[in-house]
Structure formats: C-alpha cells, structure tokens
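This is upload22.tsv (TSV, C-alpha atoms).
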chain	number	residue	atom	x	y	z
A	200	MET	CA	-0.94	-3.86	-3.03
A	201	GLY	CA	-4.42	-2.79	-2.16
A	202	ILE	CA	-7.05	-1.32	-4.46
A	203	ARG	CA	-7.00	2.45	-4.57
A	204	LYS	CA	-10.51	3.79	-4.69
A	205	LYS	CA	-10.78	7.23	-6.22
A	206	SER	CA	-13.46	9.47	-4.78
A	207	ASN	CA	-14.79	12.80	-5.96
A	208	LYS	CA	-14.37	14.31	-2.50
A	209	ASN	CA	-11.07	16.06	-1.89
A	210	PRO	CA	-9.42	14.76	1.30
A	211	PRO	CA	-7.95	17.22	3.82
A	212	VAL	CA	-4.51	18.56	2.94
A	213	LEU	CA	-1.60	16.48	4.34
A	214	SER	CA	-4.01	13.80	5.52
A	215	HIS	CA	-3.31	10.10	5.01
A	216	GLU	CA	-5.63	9.83	2.00
A	217	PHE	CA	-4.31	13.08	0.49
A	218	ILE	CA	-0.70	11.84	0.57
A	219	VAL	CA	-1.63	8.47	-0.92
A	220	GLN	CA	-3.66	9.97	-3.77
A	221	ASN	CA	-1.15	12.71	-4.63
A	222	HIS	CA	2.16	11.08	-3.69
A	223	ALA	CA	3.40	11.13	-7.30
A	224	ASP	CA	2.82	14.88	-7.59
A	225	ILE	CA	4.45	15.52	-4.22
A	226	VAL	CA	7.52	13.47	-5.11
A	227	SER	CA	7.73	15.15	-8.53
A	228	CYS	CA	7.89	18.55	-6.84
A	229	MET	CA	10.68	17.29	-4.58
A	230	ALA	CA	12.65	16.06	-7.60
A	231	MET	CA	12.10	19.37	-9.40
A	232	VAL	CA	13.68	21.20	-6.45
A	233	PHE	CA	16.96	19.38	-7.06
A	234	LEU	CA	16.80	19.97	-10.81
A	235	LEU	CA	16.08	23.67	-10.35
A	236	GLY	CA	19.03	23.83	-7.98
A	237	LEU	CA	21.31	23.11	-10.92
A	238	MET	CA	20.30	26.41	-12.53
A	239	PHE	CA	21.67	28.65	-9.78
A	240	GLU	CA	25.31	28.99	-8.86
A	241	VAL	CA	24.60	29.12	-5.13
A	242	THR	CA	22.82	25.77	-5.02
A	243	ALA	CA	24.47	24.05	-7.99
A	244	LYS	CA	27.25	22.44	-5.94
A	245	ALA	CA	24.74	20.84	-3.56
A	246	ALA	CA	22.32	19.80	-6.31
A	247	VAL	CA	25.06	18.14	-8.38
A	248	VAL	CA	25.69	15.69	-5.54
A	249	PHE	CA	22.12	14.42	-5.83
A	250	VAL	CA	21.68	14.39	-9.60
A	251	THR	CA	25.03	13.27	-11.05
A	252	LEU	CA	27.38	10.42	-10.20
A	253	GLN	CA	30.21	11.31	-7.84
A	254	TYR	CA	33.85	10.20	-7.38
A	255	ASN	CA	34.91	10.24	-11.02
A	256	VAL	CA	38.55	9.78	-12.00
A	257	THR	CA	39.85	10.67	-15.46
A	258	ILE	CA	42.61	8.41	-16.76
A	259	SER	CA	44.67	10.10	-19.45
A	260	ALA	CA	45.88	8.38	-22.59
A	261	THR	CA	49.15	6.46	-22.22
A	262	GLU	CA	51.43	4.48	-24.47
A	263	ASP	CA	49.44	1.32	-23.70
A	264	GLN	CA	46.11	3.06	-24.37
A	265	PRO	CA	46.79	5.90	-26.82
A	266	MET	CA	43.22	6.05	-28.14
A	267	GLU	CA	41.34	8.29	-25.67
A	268	THR	CA	40.97	9.31	-22.07
A	269	VAL	CA	38.69	7.18	-19.88
A	270	THR	CA	36.50	8.37	-17.00
A	271	LEU	CA	35.98	5.80	-14.26
A	272	TYR	CA	34.14	5.95	-10.92
A	273	HIS	CA	34.47	4.55	-7.42
A	274	TYR	CA	32.04	4.64	-4.52
A	275	GLY	CA	31.79	6.90	-1.48
A	276	ILE	CA	29.44	8.37	1.10
A	277	LYS	CA	28.01	10.90	-1.38
A	278	ASP	CA	26.42	8.02	-3.29
A	279	LEU	CA	23.67	8.01	-0.64
A	280	ALA	CA	22.48	11.40	-1.92
A	281	THR	CA	22.43	10.12	-5.50
A	282	VAL	CA	20.52	7.02	-4.44
A	283	PHE	CA	17.96	9.23	-2.69
A	284	PHE	CA	17.33	11.36	-5.79
A	285	TYR	CA	16.90	8.37	-8.09
A	286	MET	CA	14.65	6.77	-5.48
A	287	LEU	CA	12.33	9.73	-6.06
A	288	VAL	CA	12.57	9.10	-9.81
A	289	ALA	CA	11.67	5.44	-9.25
A	290	ILE	CA	8.55	6.45	-7.28
A	291	ILE	CA	7.46	8.73	-10.16
A	292	ILE	CA	8.00	6.00	-12.79
A	293	HIS	CA	6.17	3.51	-10.57
A	294	ALA	CA	3.14	5.84	-10.41
A	295	ILE	CA	3.19	6.41	-14.20
A	296	ILE	CA	3.18	2.65	-14.94
A	297	GLN	CA	0.46	2.10	-12.35
A	298	GLU	CA	-1.88	4.82	-13.56
A	299	TYR	CA	-1.44	4.71	-17.34
A	300	VAL	CA	-0.91	0.96	-17.86
A	301	LEU	CA	-1.92	-1.30	-14.99
A	302	ASP	CA	-5.02	0.57	-13.79
A	303	LYS	CA	-6.44	0.66	-17.33
A	304	ILE	CA	-5.94	-3.10	-17.71
A	305	ASN	CA	-7.50	-3.72	-14.29
A	306	ARG	CA	-10.61	-1.79	-15.24
A	307	ARG	CA	-11.03	-3.89	-18.38
A	308	MET	CA	-10.35	-7.28	-16.79
A	309	HIS	CA	-12.44	-6.75	-13.61
A	310	PHE	CA	-10.09	-8.69	-11.34
A	311	SER	CA	-10.93	-9.70	-7.80
A	312	LYS	CA	-9.16	-8.01	-4.90
A	313	THR	CA	-6.57	-10.78	-4.60
A	314	LYS	CA	-5.83	-10.91	-8.32
A	315	HIS	CA	-5.80	-7.11	-8.47
A	316	SER	CA	-3.01	-6.95	-5.91
A	317	LYS	CA	-0.93	-9.72	-7.50
A	318	PHE	CA	-1.44	-8.30	-10.99
A	319	ASN	CA	-0.11	-4.90	-9.90
A	320	GLU	CA	2.90	-6.50	-8.23
A	321	SER	CA	3.77	-8.66	-11.24
A	322	GLY	CA	3.19	-5.78	-13.64
A	323	GLN	CA	5.61	-3.48	-11.83
A	324	LEU	CA	8.27	-6.14	-11.27
A	325	SER	CA	8.13	-7.54	-14.80
A	326	ALA	CA	8.76	-4.05	-16.23
A	327	PHE	CA	11.69	-3.52	-13.86
A	328	TYR	CA	13.20	-6.97	-14.45
A	329	LEU	CA	12.97	-6.59	-18.23
A	330	PHE	CA	14.62	-3.17	-18.19
A	331	SER	CA	17.38	-4.34	-15.81
A	332	CYS	CA	18.03	-7.48	-17.88
A	333	VAL	CA	18.47	-5.54	-21.09
A	334	TRP	CA	20.62	-2.89	-19.41
A	335	GLY	CA	22.76	-5.41	-17.54
A	336	THR	CA	23.27	-7.58	-20.62
A	337	SER	CA	24.45	-4.57	-22.63
A	338	ILE	CA	27.06	-3.84	-19.93
A	339	LEU	CA	28.20	-7.46	-19.90
A	340	VAL	CA	28.67	-7.44	-23.67
A	341	SER	CA	30.37	-4.02	-23.84
A	342	GLU	CA	32.80	-4.87	-21.04
A	343	ASN	CA	33.54	-8.38	-22.45
A	344	TYR	CA	32.53	-10.14	-19.23
A	345	VAL	CA	30.70	-12.85	-21.18
A	346	SER	CA	33.56	-13.74	-23.53
A	347	ASP	CA	36.13	-13.72	-20.70
A	348	PRO	CA	34.79	-15.34	-17.48
A	349	THR	CA	38.13	-14.82	-15.71
A	350	SER	CA	37.33	-11.11	-15.59
A	351	LEU	CA	35.00	-11.92	-12.69
A	352	TRP	CA	38.00	-12.30	-10.38
A	353	ARG	CA	41.01	-11.09	-12.38
A	354	ASP	CA	42.54	-7.77	-11.27
A	355	TYR	CA	40.57	-7.74	-8.03
A	356	PRO	CA	39.71	-5.40	-6.30
A	357	HIS	CA	37.50	-3.84	-8.97
A	358	ILE	CA	37.55	-0.38	-7.45
A	359	MET	CA	37.09	1.59	-10.65
A	360	MET	CA	33.84	1.22	-12.55
A	361	PRO	CA	32.71	2.62	-15.90
A	362	PHE	CA	29.80	5.04	-15.92
A	363	GLN	CA	27.22	2.45	-16.96
A	364	MET	CA	28.31	0.01	-14.25
A	365	LYS	CA	28.07	2.53	-11.41
A	366	PHE	CA	24.81	4.01	-12.68
A	367	PHE	CA	23.37	0.48	-12.87
A	368	TYR	CA	24.16	-0.19	-9.20
A	369	ILE	CA	22.90	3.22	-8.10
A	370	SER	CA	19.65	2.57	-9.97
A	371	GLN	CA	19.28	-0.88	-8.43
A	372	LEU	CA	19.72	0.47	-4.91
A	373	ALA	CA	17.33	3.35	-5.64
A	374	TYR	CA	14.63	1.01	-6.95
A	375	TRP	CA	14.70	-1.36	-3.99
A	376	PHE	CA	14.81	1.51	-1.49
A	377	HIS	CA	11.77	3.02	-3.21
A	378	ALA	CA	9.89	-0.21	-2.49
A	379	PHE	CA	9.66	0.72	1.22
A	380	PRO	CA	7.52	3.87	0.79
A	381	GLU	CA	5.52	2.09	-1.92
A	382	LEU	CA	4.22	-0.28	0.75
A	383	TYR	CA	2.50	2.78	2.23
A	384	PHE	CA	1.51	4.47	-1.01
A	385	GLN	CA	-0.08	1.32	-2.45
A	386	LYS	CA	-1.93	0.44	0.78
A	387	THR	CA	-0.33	-2.97	1.03
A	388	LYS	CA	-2.22	-5.46	3.16
A	389	LYS	CA	-0.71	-6.22	6.56
A	390	GLU	CA	-0.41	-9.93	5.82
A	391	ASP	CA	1.61	-9.19	2.63
A	392	ILE	CA	4.06	-6.76	4.24
A	393	PRO	CA	6.37	-9.37	5.92
A	394	ARG	CA	6.80	-11.31	2.67
A	395	GLN	CA	7.67	-8.17	0.72
A	396	LEU	CA	10.03	-6.91	3.41
A	397	VAL	CA	11.95	-10.20	3.24
A	398	TYR	CA	12.67	-10.11	-0.49
A	399	ILE	CA	13.31	-6.34	-0.51
A	400	GLY	CA	15.81	-6.81	2.31
A	401	LEU	CA	17.53	-9.70	0.51
A	402	TYR	CA	17.93	-7.64	-2.66
A	403	LEU	CA	19.38	-4.68	-0.77
A	404	PHE	CA	21.71	-6.89	1.27
A	405	HIS	CA	23.25	-8.64	-1.74
A	406	ILE	CA	23.41	-5.61	-4.05
A	407	THR	CA	24.97	-3.44	-1.34
A	408	GLY	CA	27.41	-6.22	-0.44
A	409	ALA	CA	28.59	-6.61	-4.04
A	410	TYR	CA	28.91	-2.83	-4.38
A	411	LEU	CA	30.88	-2.24	-1.16
A	412	LEU	CA	33.09	-5.34	-1.40
A	413	ASN	CA	34.07	-4.44	-5.00
A	414	LEU	CA	32.49	-7.61	-6.37
A	415	THR	CA	30.61	-5.65	-9.00
A	416	HIS	CA	31.52	-7.96	-11.88
A	417	LEU	CA	30.18	-11.06	-10.16
A	418	GLY	CA	27.18	-9.16	-8.81
A	419	LEU	CA	26.20	-7.93	-12.27
A	420	VAL	CA	26.28	-11.43	-13.78
A	421	LEU	CA	24.24	-12.92	-10.94
A	422	LEU	CA	21.69	-10.09	-11.05
A	423	VAL	CA	21.09	-10.46	-14.79
A	424	LEU	CA	20.73	-14.23	-14.40
A	425	HIS	CA	18.31	-13.89	-11.49
A	426	TYR	CA	16.29	-11.07	-13.06
A	427	PHE	CA	15.74	-13.06	-16.24
A	428	VAL	CA	14.25	-15.99	-14.32
A	429	GLU	CA	12.08	-13.69	-12.20
A	430	PHE	CA	10.88	-11.82	-15.28
A	431	LEU	CA	9.71	-15.09	-16.81
A	432	PHE	CA	7.75	-15.93	-13.64
A	433	HIS	CA	5.97	-12.58	-13.41
A	434	ILE	CA	5.17	-12.37	-17.11
A	435	SER	CA	3.75	-15.91	-16.89
A	436	ARG	CA	1.61	-14.85	-13.95
A	437	LEU	CA	0.28	-11.90	-15.95
A	438	PHE	CA	-0.77	-14.23	-18.76
A	439	TYR	CA	-2.27	-16.61	-16.21
A	440	PHE	CA	-4.48	-13.86	-14.81
A	441	SER	CA	-5.80	-13.10	-18.29
A	442	ASP	CA	-6.35	-16.81	-19.07
A	443	GLU	CA	-6.21	-19.38	-16.26
A	444	LYS	CA	-5.62	-22.20	-18.74
A	445	TYR	CA	-2.16	-20.78	-19.48
A	446	GLN	CA	0.34	-22.96	-17.60
A	447	LYS	CA	3.24	-23.43	-20.04
A	448	GLY	CA	5.10	-20.37	-18.77
A	449	PHE	CA	5.22	-21.73	-15.23
A	450	SER	CA	6.62	-25.05	-16.44
A	451	LEU	CA	9.42	-23.30	-18.32
A	452	TRP	CA	10.04	-21.02	-15.33
A	453	ALA	CA	10.35	-24.03	-13.00
A	454	ILE	CA	13.11	-25.54	-15.15
A	455	LEU	CA	15.00	-22.26	-15.54
A	456	PHE	CA	14.63	-21.50	-11.82
A	457	VAL	CA	16.49	-24.66	-10.83
A	458	LEU	CA	19.13	-24.06	-13.51
A	459	GLY	CA	19.50	-20.46	-12.34
A	460	ARG	CA	20.15	-21.53	-8.76
A	461	LEU	CA	22.71	-24.07	-9.97
A	462	LEU	CA	24.51	-21.54	-12.17
A	463	THR	CA	24.53	-19.00	-9.34
A	464	LEU	CA	26.26	-21.46	-7.02
A	465	ILE	CA	28.75	-22.53	-9.70
A	466	LEU	CA	29.75	-18.96	-10.60
A	467	SER	CA	29.97	-17.92	-6.94
A	468	VAL	CA	32.16	-20.86	-5.94
A	469	LEU	CA	34.30	-20.48	-9.06
A	470	THR	CA	34.86	-16.76	-8.47
A	471	VAL	CA	35.13	-16.56	-4.67
A	472	GLY	CA	36.24	-20.07	-3.78
A	473	PHE	CA	38.81	-20.59	-6.53
A	474	GLY	CA	39.59	-17.34	-8.37
A	475	LEU	CA	39.99	-15.02	-5.39
A	476	ALA	CA	41.46	-17.77	-3.21
A	477	ARG	CA	44.41	-18.11	-5.62
A	478	ALA	CA	45.06	-14.37	-5.89
A	479	GLU	CA	48.44	-13.14	-4.70
A	480	ASN	CA	47.22	-10.21	-2.62
A	481	GLN	CA	45.10	-11.61	0.24
A	482	THR	CA	45.51	-8.92	2.87
A	483	LEU	CA	42.67	-6.81	4.20
A	484	ASP	CA	43.11	-3.20	3.09
A	485	VAL	CA	40.00	-1.04	3.35
A	486	SER	CA	41.70	2.05	1.91
A	487	SER	CA	42.56	0.25	-1.33
A	488	GLY	CA	39.27	-1.69	-1.38
A	489	ASN	CA	40.82	-5.12	-0.98
A	490	PHE	CA	38.54	-7.47	1.01
A	491	ASN	CA	40.05	-10.69	-0.30
A	492	VAL	CA	40.57	-12.48	3.03
A	493	LEU	CA	39.34	-15.88	4.13
A	494	PRO	CA	36.63	-14.77	6.63
A	495	ILE	CA	35.02	-12.41	4.11
A	496	ARG	CA	35.15	-15.03	1.35
A	497	ILE	CA	33.47	-17.54	3.65
A	498	GLY	CA	30.83	-14.95	4.58
A	499	VAL	CA	30.12	-14.14	0.93
A	500	LEU	CA	29.75	-17.78	-0.05
A	501	ALA	CA	27.64	-18.55	3.03
A	502	SER	CA	25.23	-15.69	2.33
A	503	ILE	CA	24.84	-16.74	-1.31
A	504	CYS	CA	24.35	-20.42	-0.47
A	505	LEU	CA	21.83	-19.70	2.30
A	506	THR	CA	19.85	-17.40	0.03
A	507	GLN	CA	19.76	-20.02	-2.73
A	508	ALA	CA	18.67	-22.67	-0.23
A	509	PHE	CA	15.91	-20.39	1.06
A	510	MET	CA	14.69	-19.74	-2.48
A	511	MET	CA	14.71	-23.46	-3.30
A	512	TRP	CA	12.72	-24.18	-0.14
A	513	LYS	CA	10.11	-21.60	-1.14
A	514	PHE	CA	10.09	-22.97	-4.68
A	515	ILE	CA	9.51	-26.57	-3.52
A	516	ASN	CA	6.65	-25.50	-1.26
A	517	PHE	CA	5.12	-23.54	-4.15
A	518	GLN	CA	5.32	-26.54	-6.49
A	519	LEU	CA	3.89	-28.91	-3.88
A	520	ARG	CA	0.97	-26.57	-3.28
A	521	ARG	CA	0.25	-26.36	-7.02
A	522	TRP	CA	0.51	-30.15	-7.34
A	523	ARG	CA	-2.00	-30.67	-4.52
A	524	GLU	CA	-4.42	-28.21	-6.09
A	525	HIS	CA	-4.30	-29.96	-9.47
A	526	SER	CA	-4.34	-33.52	-8.11
A	527	SER	CA	-7.17	-33.08	-5.59
A	528	PRO	CA	-10.57	-34.18	-7.01
A	529	PRO	CA	-13.25	-31.52	-7.29
A	530	GLN	CA	-15.55	-31.46	-4.29
A	531	PRO	CA	-19.24	-32.21	-5.01
A	532	VAL	CA	-21.53	-29.24	-4.79
A	533	LYS	CA	-24.09	-29.59	-2.02
A	534	LYS	CA	-27.64	-28.88	-3.09
A	535	LYS	CA	-29.36	-26.26	-1.03
A	536	PHE	CA	-33.11	-26.30	-0.73
A	537	VAL	CA	-34.79	-23.00	-1.35
A	538	THR	CA	-36.85	-21.92	1.60
A	539	THR	CA	-40.10	-20.07	0.95
A	540	LYS	CA	-41.16	-17.21	3.09
A	541	GLY	CA	-44.57	-17.09	4.76
A	542	LYS	CA	-46.72	-19.75	6.38
A	543	PRO	CA	-46.76	-23.22	4.77
A	544	SER	CA	-50.02	-24.38	3.22
A	545	LYS	CA	-52.07	-27.33	4.50
A	546	LYS	CA	-50.71	-29.59	1.75
A	547	GLU	CA	-47.11	-28.57	2.56
A	548	ARG	CA	-47.67	-29.30	6.26
A	549	GLU	CA	-48.92	-32.75	5.36
A	550	ASN	CA	-46.05	-33.56	2.95
A	551	GLY	CA	-43.20	-31.96	4.85
A	552	ILE	CA	-41.72	-28.82	6.27
A	553	ASN	CA	-41.20	-25.85	3.90
A	554	GLY	CA	-41.50	-28.07	0.85
A	555	ALA	CA	-38.89	-30.63	2.00
A	556	LEU	CA	-40.43	-34.09	2.03
A	557	THR	CA	-40.18	-36.18	5.18
A	558	SER	CA	-40.57	-39.91	5.36
A	559	ASN	CA	-43.63	-39.79	7.54
A	560	GLY	CA	-45.36	-36.98	5.71
A	561	ALA	CA	-44.76	-38.48	2.29
A	562	ASP	CA	-45.90	-41.99	3.08
A	563	SER	CA	-48.75	-41.58	5.58
A	564	PRO	CA	-51.53	-40.25	3.29
A	565	ARG	CA	-51.08	-42.97	0.67
A	566	SER	CA	-50.79	-45.75	3.21
A	567	ARG	CA	-54.04	-44.68	4.84
A	568	LYS	CA	-55.79	-44.62	1.44
A	569	GLU	CA	-54.55	-48.10	0.61
A	570	LYS	CA	-55.76	-49.49	3.91
A	571	SER	CA	-59.21	-47.94	3.48
A	572	SER	CA	-59.55	-49.52	0.08

So, in terms of structure tokens, how does the structure I just supplied come out?
Amino acid sequence: MGIRKKSNKNPPVLSHEFIVQNHADIVSCMAMVFLLGLMFEVTAKAAVVFVTLQYNVTISATEDQPMETVTLYHYGIKDLATVFFYMLVAIIIHAIIQEYVLDKINRRMHFSKTKHSKFNESGQLSAFYLFSCVWGTSILVSENYVSDPTSLWRDYPHIMMPFQMKFFYISQLAYWFHAFPELYFQKTKKEDIPRQLVYIGLYLFHITGAYLLNLTHLGLVLLVLHYFVEFLFHISRLFYFSDEKYQKGFSLWAILFVLGRLLTLILSVLTVGFGLARAENQTLDVSSGNFNVLPIRIGVLASICLTQAFMMWKFINFQLRRWREHSSPPQPVKKKFVTTKGKPSKKERENGINGALTSNGADSPRSRKEKSS
C-alpha cells in the first residue's frame, strides 16, 4: 500500500485522485442507497436481497425437537448480491481503521515508505484475523464442532447452515473481494500487486470451494486455525516495526506455522480421505448438494496439499533469508574524504591533491631537507 499524500487543493471531480481521496464517502453513499431502499415498498423487495441473508428455511418443532423452531439457510445465486453489499461495508470499515487508527500511528512513528506500506497491511489484516478468529471460534463452540470431531463429515452433505455460519462465509467472501478495489484505493505498488493477487485468489478459491461443495464444517475449522497463525505473524510484525529488537513473536509464529500446516493436512485427510470415503451415499447429485465422489475428493485433497506445500516453500525461503541476514557479518564502513571547494593552496599542492596525502608529496619535502643538512 502506498502513502496517501493529502493536499489542500481539491482534485477535479471524478478524477483519479478524487476517487482515491473520497472513495470511503462514495462507497458509503452507495451502501445508503440499499438501506434507504428498505424504507419504501416499491424497492424493499430488491433491497432485501442485498442486505439480508437469502434462502432461509424454517424447521418446525417436532417430537424429536419439541423446544423451538429453527431457521436454517442454504446457498444460491442471490448470495452474490449479499456479498456485494457487504463488500461495500468492508471497504468502509477498511477506510475507518486506516484513517482513525493506522494513519495516526504512522504520523507518530515516522516510518519509511517500505515500513509504512507493510505496517498498513499488517494493521488491516491483524484486525480482520482477530475478528474472524473470535467469531469462528464462537461458532465452533456453539455448534459443538470442537467436542465432536466426527461432525466434520457426519451427515454430509451439510446443505443447511445456521445463521451465524452462513453470515460468516458471506462476510469472508465479501472481505476478500473488497481487497481487489483496495489495491487501487491504497495506491499499491506495481511490484506488490502480483504477491497480493496470489494470496487473495487462494483465499477466495478455498473459501468458495468449501461453501459450494458443502464442506462448511471443515472449512470453518481450517479457517480459524489458519487465521490464528496469520494473526500472530502480523501482530509480531507490528511490534517489530515499533521496536526492531522484538523477535520473540516471530519465533513463536514459526513453530505454530509448521504445526498449523500439519494439523491442516491431518484434518483434511481425516475428513475427506477417511470420513467421506466411508460414507454410504457416494453418488454425485448436484440438486441435493452431494459432491461426495472420488474425483472431487481427490481434487479437494490435492488443492489443500498443494496450497500447504506452497506456503511451506514460502516459509522456508523467508526463514533462510532471515538467517542469512542475521549470520552475515556487518560490512565495514568505507571512509569518504571530504573534498573542499575552490583552488588548493600552495601547501596543499605540495602535500597532495585536495588534502589527500600522496606518497611523493608527503615524503619529498622532508627528504630534500635531510639531504641538504
């Protein structure tokens, strides 16, 4: 993310600089249009599609569950509209954190351009990872996924989702889709764009895959695990920028990163390779949401394993680069002679050039004096 320089001059309306400076206000107006649409009967039906979750099913109380009625959700094409609206909300929240938190810290710390960009990135991601970890953990506890690991594959396909589960996935998709326009709004450097496009694309690929293939239980566990490790890395980088002697957080992150990759592979193989492979219904049925067939299971495991291998490769290169930086001896500082402006004096011409002594100039006067004596 580049440094946004605020100027007193107002840029032309709808120009590049005008959109970048006022993108939060523009997006807020767009979001208000959908909210105002809820107030009028003519536009309420269209606005509801964007603001509220769609495809809800109310399950009435039965003899097995006499307590209360339950409202569950499944996915559909209208979810794209909901993702779009909450993408606008994510852009607004991003701008609020940037302006009222990160920019104030940047002005106090006086970071360089490189540190400024990395500090903004880590600040935004650490806030998102922390919020997602807390939210995802609360869903895991309330739905008893932690106490009963077999729920990751039991009763597949998991077509019906509780409100919190579906809203969590909609919010995740909205956040990572909002990262694309943020590359433009934050004036991201060209050399940083490919790296960010790679990890944004990987997040969208895996979250969308878990959502569409009805692997929401497994996807939620893996996301919480991954977000916790990433939060530790970015919060450690924030402390490192404030004090470069702080290295303990990176050491702890390195250990948890390897353990996180190992747990991800174990849970994925256990769920897809063993749990779903032993299920009775293994026929492809798109209408009922059953994708439990061998080619899809192989594709899911292959994508997870390749992603973990790619992350480990990046991690090893990162650790090797840090090890080389710490192990390499400090280079000696070369002394630079200060040159004086103007013509050299007669004494300087005899002793050397611009005050720098030469062998001939330094020795010749004394040697002549010694010979004369």

Please provide the set of residues having any atom within 9 Å of Met364 (chain A), restricted to only C-alpha atoms, with same-chain residues fewer than 4 positions apart removed, written as an mmCIF file with C-alpha atoms, in the frame of the given file.
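Final file, around31.cif:
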data_model
loop_
_atom_site.group_PDB
_atom_site.id
_atom_site.type_symbol
_atom_site.label_atom_id
_atom_site.label_comp_id
_atom_site.auth_asym_id
_atom_site.auth_seq_id
_atom_site.Cartn_x
_atom_site.Cartn_y
_atom_site.Cartn_z
ATOM 1 C CA TYR A 272 34.140 5.950 -10.920
ATOM 2 C CA GLY A 335 22.760 -5.410 -17.540
ATOM 3 C CA ILE A 338 27.060 -3.840 -19.930
ATOM 4 C CA MET A 360 33.840 1.220 -12.550
ATOM 5 C CA TYR A 368 24.160 -0.190 -9.200
ATOM 6 C CA ILE A 369 22.900 3.220 -8.100
ATOM 7 C CA THR A 415 30.610 -5.650 -9.000
ATOM 8 C CA HIS A 416 31.520 -7.960 -11.880
ATOM 9 C CA LEU A 419 26.200 -7.930 -12.270
#

**OP:** Select, from A:Val420, A:Leu437, A:Ile276, A:Leu351, the residue with the minimum atom-to-atom distance to Gly474 (chain A), counting only C-alpha atoms.
**Re:**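 Between A:Val420, A:Leu437, A:Ile276, A:Leu351, the residue approaching Gly474 (chain A) most closely is A:Leu351.
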
**OP:** Give me the residues within 12 Å of Tyr410 (chain A) as a VMD selection string, counting all atoms listed in the file and dropping any in the same chain fewer than 3 places off.
**Re:** chain A and resid 273 to 275 278 356 to 360 364 to 369 371 to 372 403 to 407 413 to 419 488 490

Original post:
Could you state the separation of CA of Phe449 (chain A) and CA of Arg521 (chain A) in Å, given to one decimal place?
Top reply: 10.7 Å

Give me the box for region 440-446 of chain A as JSON, namely the centre and edge lengths in Å to one decimal of a box along x, y and z that holds every listed atom plus 5 Å on each side.
{"center_x": -3.0, "center_y": -18.0, "center_z": -17.1, "size_x": 16.7, "size_y": 19.9, "size_z": 14.7}

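For the atom pair formed by CA of Phe456 (chain A) and CA of Leu324 (chain A), the distance is 16.6 Å, given to one decimal.
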
**OP:** Find, counting all atoms listed in the file, the residue in A:Tyr254, A:Tyr445, A:Phe249, A:Phe327 that gets nearest to Phe430 (chain A).
**Re:**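 Among the listed residues, A:Phe327 lies closest to Phe430 (chain A).
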
Original post:
Quick one: residues within 8 Å of region 292-306 of chain A, all atoms listed in the file counted, chain neighbours fewer than 5 positions away excluded, as a list in words?
Top reply: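 In the requested format, the answer is Ala223, His315, Asn319, Gly322 and Gln323 of chain A.
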
Output for the residues just chosen: C-alpha atoms as a short mmCIF file (atom, residue, chain, number, x, y, z; two decimals), in the coordinates of the input:
data_model
loop_
_atom_site.label_atom_id
_atom_site.label_comp_id
_atom_site.auth_asym_id
_atom_site.auth_seq_id
_atom_site.Cartn_x
_atom_site.Cartn_y
_atom_site.Cartn_z
CA ALA A 223 3.40 11.13 -7.30
CA HIS A 315 -5.80 -7.11 -8.47
CA ASN A 319 -0.11 -4.90 -9.90
CA GLY A 322 3.19 -5.78 -13.64
CA GLN A 323 5.61 -3.48 -11.83
#

Original post:
If we count all atoms listed in the file, what is near Lys447 (chain A) at a cut-off of 12 Å, once residues fewer than 5 positions away on the same chain are taken out, given as number ranges by chain?
Top reply: A: 431-432, 434-436, 438-439, 442, 452-454

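If you measure from each of A:Arg460, A:His425, A:Asn489, A:Ser337 to Leu412 (chain A) using all atoms listed in the file, the closest one turns out to be A:Asn489.
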
Original post:
Separation of CA of Ala246 (chain A) and CA of Phe233 (chain A), in Å?
Top reply: 5.4 Å

Selected region 466-485 of chain A, written as a PDB file, in the first residue's frame, C-alpha atoms:
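As written to disk, decode_6.pdb reads:
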ATOM      1  CA  LEU A 466      -7.866 -32.785   9.483  1.00  0.00           C
ATOM      2  CA  SER A 467      -8.260 -32.678   5.697  1.00  0.00           C
ATOM      3  CA  VAL A 468      -7.135 -36.269   5.183  1.00  0.00           C
ATOM      4  CA  LEU A 469      -9.194 -37.464   8.143  1.00  0.00           C
ATOM      5  CA  THR A 470     -12.354 -35.737   6.902  1.00  0.00           C
ATOM      6  CA  VAL A 471     -12.106 -36.178   3.123  1.00  0.00           C
ATOM      7  CA  GLY A 472      -9.890 -39.235   2.838  1.00  0.00           C
ATOM      8  CA  PHE A 473     -11.446 -41.352   5.587  1.00  0.00           C
ATOM      9  CA  GLY A 474     -14.737 -39.864   6.819  1.00  0.00           C
ATOM     10  CA  LEU A 475     -16.354 -39.062   3.469  1.00  0.00           C
ATOM     11  CA  ALA A 476     -14.760 -42.077   1.772  1.00  0.00           C
ATOM     12  CA  ARG A 477     -16.636 -44.407   4.153  1.00  0.00           C
ATOM     13  CA  ALA A 478     -19.999 -42.673   3.748  1.00  0.00           C
ATOM     14  CA  GLU A 479     -22.825 -44.731   2.299  1.00  0.00           C
ATOM     15  CA  ASN A 480     -24.064 -42.202  -0.240  1.00  0.00           C
ATOM     16  CA  GLN A 481     -21.259 -41.606  -2.762  1.00  0.00           C
ATOM     17  CA  THR A 482     -23.219 -40.562  -5.832  1.00  0.00           C
ATOM     18  CA  LEU A 483     -22.951 -37.153  -7.459  1.00  0.00           C
ATOM     19  CA  ASP A 484     -26.208 -35.247  -7.003  1.00  0.00           C
ATOM     20  CA  VAL A 485     -25.974 -31.504  -7.577  1.00  0.00           C
TER      21      VAL A 485
END
